[in-house]
Amino acid sequence: MPEIDHSADARLGEVRPQHMLDLPRLDAYLRQHLAGYRGPLDVRQYAGGQSNPTYALATSDRRYVMRKKPPGVLLESAHAIDREYRMLTSLDPMGIPVPKARLYCNDPSIIGTPFYVMDHLDGRIFRDPRLPDLDRSERSAIYDEMGAVLARLHAVDLKAADIEDFGRMGGYVDRQMKRWTTQYRDTGITDIEAMTFLMDWLPAHAPCHGETTIAHGDYRLENLVFHPVEPKVIGILDWELATLGEPLADLAYNCMVYRLSLPMQPGFDGKVPEGIPDEADYVDRYSRRTGRAVSDAQWRFYMAFSLFRLAAISAGIYVRGMKGSATSDNALAFLTHTRTIADRGAEAAQGR
């Protein structure tokens, strides 16, 4: 059996007690339903995947990645494993770099929740967006490729990919605001002034309409797998939040690194490393690739919106931590993170 190399990814370790699996039952299911699968099965868990627990599976000759819903009572429409799987299978034939999805199981009796299995990708994942171990030219190439792949994703023909029904055409911002406002209010947190401000400011400043494309929903450097030696994306990960939406929302989310730095997700803290384009340059490159102009008013809205949404997600992680069902061992710290993210969102809304 190939060993899972813990040194290759410090975020890979033993399966947490709250996310333990019935390995004999999972092994038997995979033997019956996953083409080419052969045991015995070795399982480790990634520290990432704050929302959906993510596991590394190793057999005698193959490596896979498995994602599942978390245990416990879940917020409505959250942890959309089935949608994530469908997006992977739809984009693969379109030439978008995604892992090959192999199997989806909606039977909770196997490991407690629905799950899916995809191929493991041998490549590089850059956890630190500052790319401290790369030189100036390598940083430039990595960020240029990240922006280019996002532009390609937003150019996918929805009909050709057979995902016209993956979401609604138009009205994306209104739906998202209602969704994340509801989910934030459902957490019961009421004392974050910046969130209250954003819940009032965003609906009043929303664009009248926006173009509909695929919206990844969590497009950032850490969710991309790069070729082992080339500045080439070979896989876009973590499609749980994907839907049909507005491309500028995806772009703004991708650019939050310029505005926000957290312990588990560092940013630039106002100083962009050499070789990495500044925020305006990065947005301009995207505009030239796609032909989408971005006004100052639009950018203020989409950046504030992206930070609000991330704050709502962070609040949800905190609440799951209080209930003992979160993937992260430090989920309780997410209340502080929620406040920080919301503050950055209010600043973006005010043009700061």
# chains A, B, ... in the order shown; residues from 1 in each chain; ligands from 1
>>> select_by_dssp(residues="region 220-351 of chain A", states="helix (DSSP H, G or I)", output="ChimeraX atom specification")
/A:221-223,247-254,256-258,279-290,296-323,331-349
>>> residues_around(residues="Met146 (chain A)", least_positions_apart="3", cutoff="8 Å", atoms="only C-alpha atoms", output="PDB file with N, CA, C and O atoms, in the first residue's frame")
ATOM      1  N   ILE A 142       2.491  32.675 -11.260  1.00  0.00           N
ATOM      2  CA  ILE A 142       1.430  31.991 -10.529  1.00  0.00           C
ATOM      3  C   ILE A 142       0.165  32.839 -10.488  1.00  0.00           C
ATOM      4  O   ILE A 142      -0.954  32.360 -10.748  1.00  0.00           O
ATOM      5  N   TYR A 143       0.316  34.127 -10.184  1.00  0.00           N
ATOM      6  CA  TYR A 143      -0.864  34.996 -10.094  1.00  0.00           C
ATOM      7  C   TYR A 143      -1.471  35.254 -11.468  1.00  0.00           C
ATOM      8  O   TYR A 143      -2.702  35.377 -11.604  1.00  0.00           O
ATOM      9  N   VAL A 149      -7.122  31.498 -15.418  1.00  0.00           N
ATOM     10  CA  VAL A 149      -8.030  30.360 -15.257  1.00  0.00           C
ATOM     11  C   VAL A 149      -9.403  30.834 -14.796  1.00  0.00           C
ATOM     12  O   VAL A 149     -10.438  30.307 -15.226  1.00  0.00           O
ATOM     13  N   LEU A 150      -9.449  31.852 -13.938  1.00  0.00           N
ATOM     14  CA  LEU A 150     -10.739  32.402 -13.522  1.00  0.00           C
ATOM     15  C   LEU A 150     -11.482  32.985 -14.724  1.00  0.00           C
ATOM     16  O   LEU A 150     -12.694  32.790 -14.879  1.00  0.00           O
ATOM     17  N   LEU A 221      -6.161  31.183  -4.085  1.00  0.00           N
ATOM     18  CA  LEU A 221      -4.949  30.433  -4.416  1.00  0.00           C
ATOM     19  C   LEU A 221      -4.920  29.078  -3.730  1.00  0.00           C
ATOM     20  O   LEU A 221      -4.508  28.075  -4.326  1.00  0.00           O
ATOM     21  N   VAL A 233      -2.270  25.673 -13.587  1.00  0.00           N
ATOM     22  CA  VAL A 233      -3.301  25.084 -12.731  1.00  0.00           C
ATOM     23  C   VAL A 233      -3.754  23.757 -13.326  1.00  0.00           C
ATOM     24  O   VAL A 233      -4.141  23.684 -14.494  1.00  0.00           O
TER      25      VAL A 233
END
>>> closest_atom_pairs(of="region 8-51 of chain A", to="region 91-109 of chain A", cutoff="12 Å", atoms="only C-alpha atoms", output="CSV")
residue,atom,partner,partner_atom,distance
A:Leu21,CA,A:Ser109,CA,11.0
A:Asp22,CA,A:Ser109,CA,9.8
A:Arg25,CA,A:Ser109,CA,9.2
A:Leu26,CA,A:Ser109,CA,9.9
A:Tyr29,CA,A:Cys105,CA,9.4
A:Leu30,CA,A:Leu103,CA,8.8
A:Arg31,CA,A:Leu103,CA,11.7
A:Gln32,CA,A:Leu103,CA,11.2
A:His33,CA,A:Leu103,CA,7.6
A:Leu34,CA,A:Leu103,CA,6.4
A:Ala35,CA,A:Arg102,CA,8.1
A:Gly36,CA,A:Arg102,CA,10.2
A:Tyr37,CA,A:Arg102,CA,10.4
>>> write_last_selection(atoms="C-alpha atoms", output="PDB file, in the first residue's frame")
ATOM      1  CA  LEU A  21     -15.707   6.511   9.562  1.00  0.00           C
ATOM      2  CA  ASP A  22     -16.884   2.923   9.385  1.00  0.00           C
ATOM      3  CA  ARG A  25     -18.298  -0.575   5.390  1.00  0.00           C
ATOM      4  CA  LEU A  26     -16.681   2.159   3.263  1.00  0.00           C
ATOM      5  CA  TYR A  29     -18.925  -0.064  -0.737  1.00  0.00           C
ATOM      6  CA  LEU A  30     -15.960   1.182  -2.777  1.00  0.00           C
ATOM      7  CA  ARG A  31     -15.068  -2.362  -3.865  1.00  0.00           C
ATOM      8  CA  GLN A  32     -18.576  -2.728  -5.257  1.00  0.00           C
ATOM      9  CA  HIS A  33     -19.107   0.718  -6.799  1.00  0.00           C
ATOM     10  CA  LEU A  34     -15.749   2.383  -7.601  1.00  0.00           C
ATOM     11  CA  ALA A  35     -14.246   1.098 -10.855  1.00  0.00           C
ATOM     12  CA  GLY A  36     -10.647  -0.041 -10.456  1.00  0.00           C
ATOM     13  CA  TYR A  37     -10.717   0.179  -6.671  1.00  0.00           C
TER      14      TYR A  37
END
>>> residues_around(residues="Tyr55 (chain A)", least_positions_apart="5", cutoff="12 Å", atoms="only C-alpha atoms", output="ChimeraX atom specification")
/A:4,11-16,19-21,41-49,63-69,115-120,327
>>> closest_residue(among="A:Asp238, A:Asp157, A:Asp200, A:Glu164", to="Lys178 (chain A)", atoms="only C-alpha atoms")
A:Asp200
>>> residues_around(residues="Ala280 (chain A)", least_positions_apart="6", cutoff="12 Å", atoms="only C-alpha atoms", output="list in words")
Leu251, Ala252, Cys255, Tyr258, Val272, Tyr286, Ser287, Val294, Ser295, Asp296 and Trp299 of chain A
>>> decode(residues="region 145-233 of chain A", atoms="C-alpha atoms", output="compact mmCIF listing (two decimals), in the first residue's frame")
# COMPACT_ATOMS: atom_id res chain seq x y z
CA GLU A 145 -2.23 31.90 -14.25
CA MET A 146 -4.73 32.15 -11.40
CA GLY A 147 -6.39 35.14 -13.05
CA ALA A 148 -6.33 33.53 -16.49
CA VAL A 149 -8.03 30.36 -15.26
CA LEU A 150 -10.74 32.40 -13.52
CA ALA A 151 -11.38 34.23 -16.80
CA ARG A 152 -11.65 30.86 -18.60
CA LEU A 153 -14.09 29.56 -15.99
CA HIS A 154 -16.31 32.60 -16.46
CA ALA A 155 -16.32 32.00 -20.23
CA VAL A 156 -17.77 28.46 -20.01
CA ASP A 157 -20.87 28.00 -22.17
CA LEU A 158 -23.56 27.00 -19.67
CA LYS A 159 -25.63 25.17 -22.25
CA ALA A 160 -22.69 23.22 -23.62
CA ALA A 161 -21.71 22.22 -20.08
CA ASP A 162 -25.33 21.19 -19.39
CA ILE A 163 -25.55 23.29 -16.24
CA GLU A 164 -28.14 25.88 -17.26
CA ASP A 165 -30.30 24.59 -14.40
CA PHE A 166 -27.49 24.72 -11.82
CA GLY A 167 -28.85 28.04 -10.61
CA ARG A 168 -31.18 30.78 -11.70
CA MET A 169 -30.40 33.25 -14.45
CA GLY A 170 -30.19 36.74 -12.96
CA GLY A 171 -31.01 37.87 -9.45
CA TYR A 172 -27.82 36.38 -8.04
CA VAL A 173 -27.01 39.20 -5.64
CA ASP A 174 -30.52 39.34 -4.19
CA ARG A 175 -30.57 35.58 -3.62
CA GLN A 176 -27.12 35.53 -2.09
CA MET A 177 -27.90 38.40 0.23
CA LYS A 178 -31.05 36.66 1.43
CA ARG A 179 -29.21 33.35 1.86
CA TRP A 180 -26.25 34.65 3.83
CA THR A 181 -28.29 37.14 5.83
CA THR A 182 -30.62 34.32 6.86
CA GLN A 183 -27.77 31.95 7.67
CA TYR A 184 -25.99 34.63 9.67
CA ARG A 185 -29.14 35.49 11.62
CA ASP A 186 -29.72 31.78 12.24
CA THR A 187 -26.42 31.66 14.13
CA GLY A 188 -27.96 33.88 16.82
CA ILE A 189 -25.02 36.31 16.82
CA THR A 190 -26.40 39.83 17.19
CA ASP A 191 -23.61 42.07 18.50
CA ILE A 192 -21.40 42.59 15.43
CA GLU A 193 -22.11 46.15 14.32
CA ALA A 194 -20.30 45.81 10.99
CA MET A 195 -22.56 42.90 10.00
CA THR A 196 -25.64 44.93 10.86
CA PHE A 197 -24.29 47.80 8.75
CA LEU A 198 -23.55 45.53 5.78
CA MET A 199 -26.98 43.89 5.91
CA ASP A 200 -28.46 47.37 5.42
CA TRP A 201 -25.85 48.85 3.05
CA LEU A 202 -25.51 46.01 0.56
CA PRO A 203 -29.18 45.76 -0.57
CA ALA A 204 -29.28 49.54 -0.98
CA HIS A 205 -26.19 49.56 -3.24
CA ALA A 206 -26.63 46.37 -5.25
CA PRO A 207 -26.16 46.62 -9.04
CA CYS A 208 -29.40 46.58 -11.01
CA HIS A 209 -28.34 43.51 -12.98
CA GLY A 210 -25.30 41.41 -13.65
CA GLU A 211 -24.08 38.91 -16.18
CA THR A 212 -24.70 35.25 -15.34
CA THR A 213 -21.77 32.83 -15.49
CA ILE A 214 -20.44 30.01 -13.35
CA ALA A 215 -19.52 31.39 -9.94
CA HIS A 216 -17.07 29.18 -8.05
CA GLY A 217 -17.79 30.92 -4.78
CA ASP A 218 -14.43 30.24 -3.08
CA TYR A 219 -11.87 30.94 -5.80
CA ARG A 220 -8.53 31.61 -4.11
CA LEU A 221 -4.95 30.43 -4.42
CA GLU A 222 -5.28 27.78 -1.71
CA ASN A 223 -8.07 26.07 -3.67
CA LEU A 224 -5.91 25.59 -6.77
CA VAL A 225 -3.55 22.70 -7.50
CA PHE A 226 -0.58 23.70 -9.66
CA HIS A 227 1.63 21.49 -11.81
CA PRO A 228 4.63 20.15 -9.82
CA VAL A 229 7.11 22.41 -11.64
CA GLU A 230 5.17 24.63 -14.05
CA PRO A 231 3.00 27.68 -13.26
CA LYS A 232 -0.04 25.83 -14.56
CA VAL A 233 -3.30 25.08 -12.73
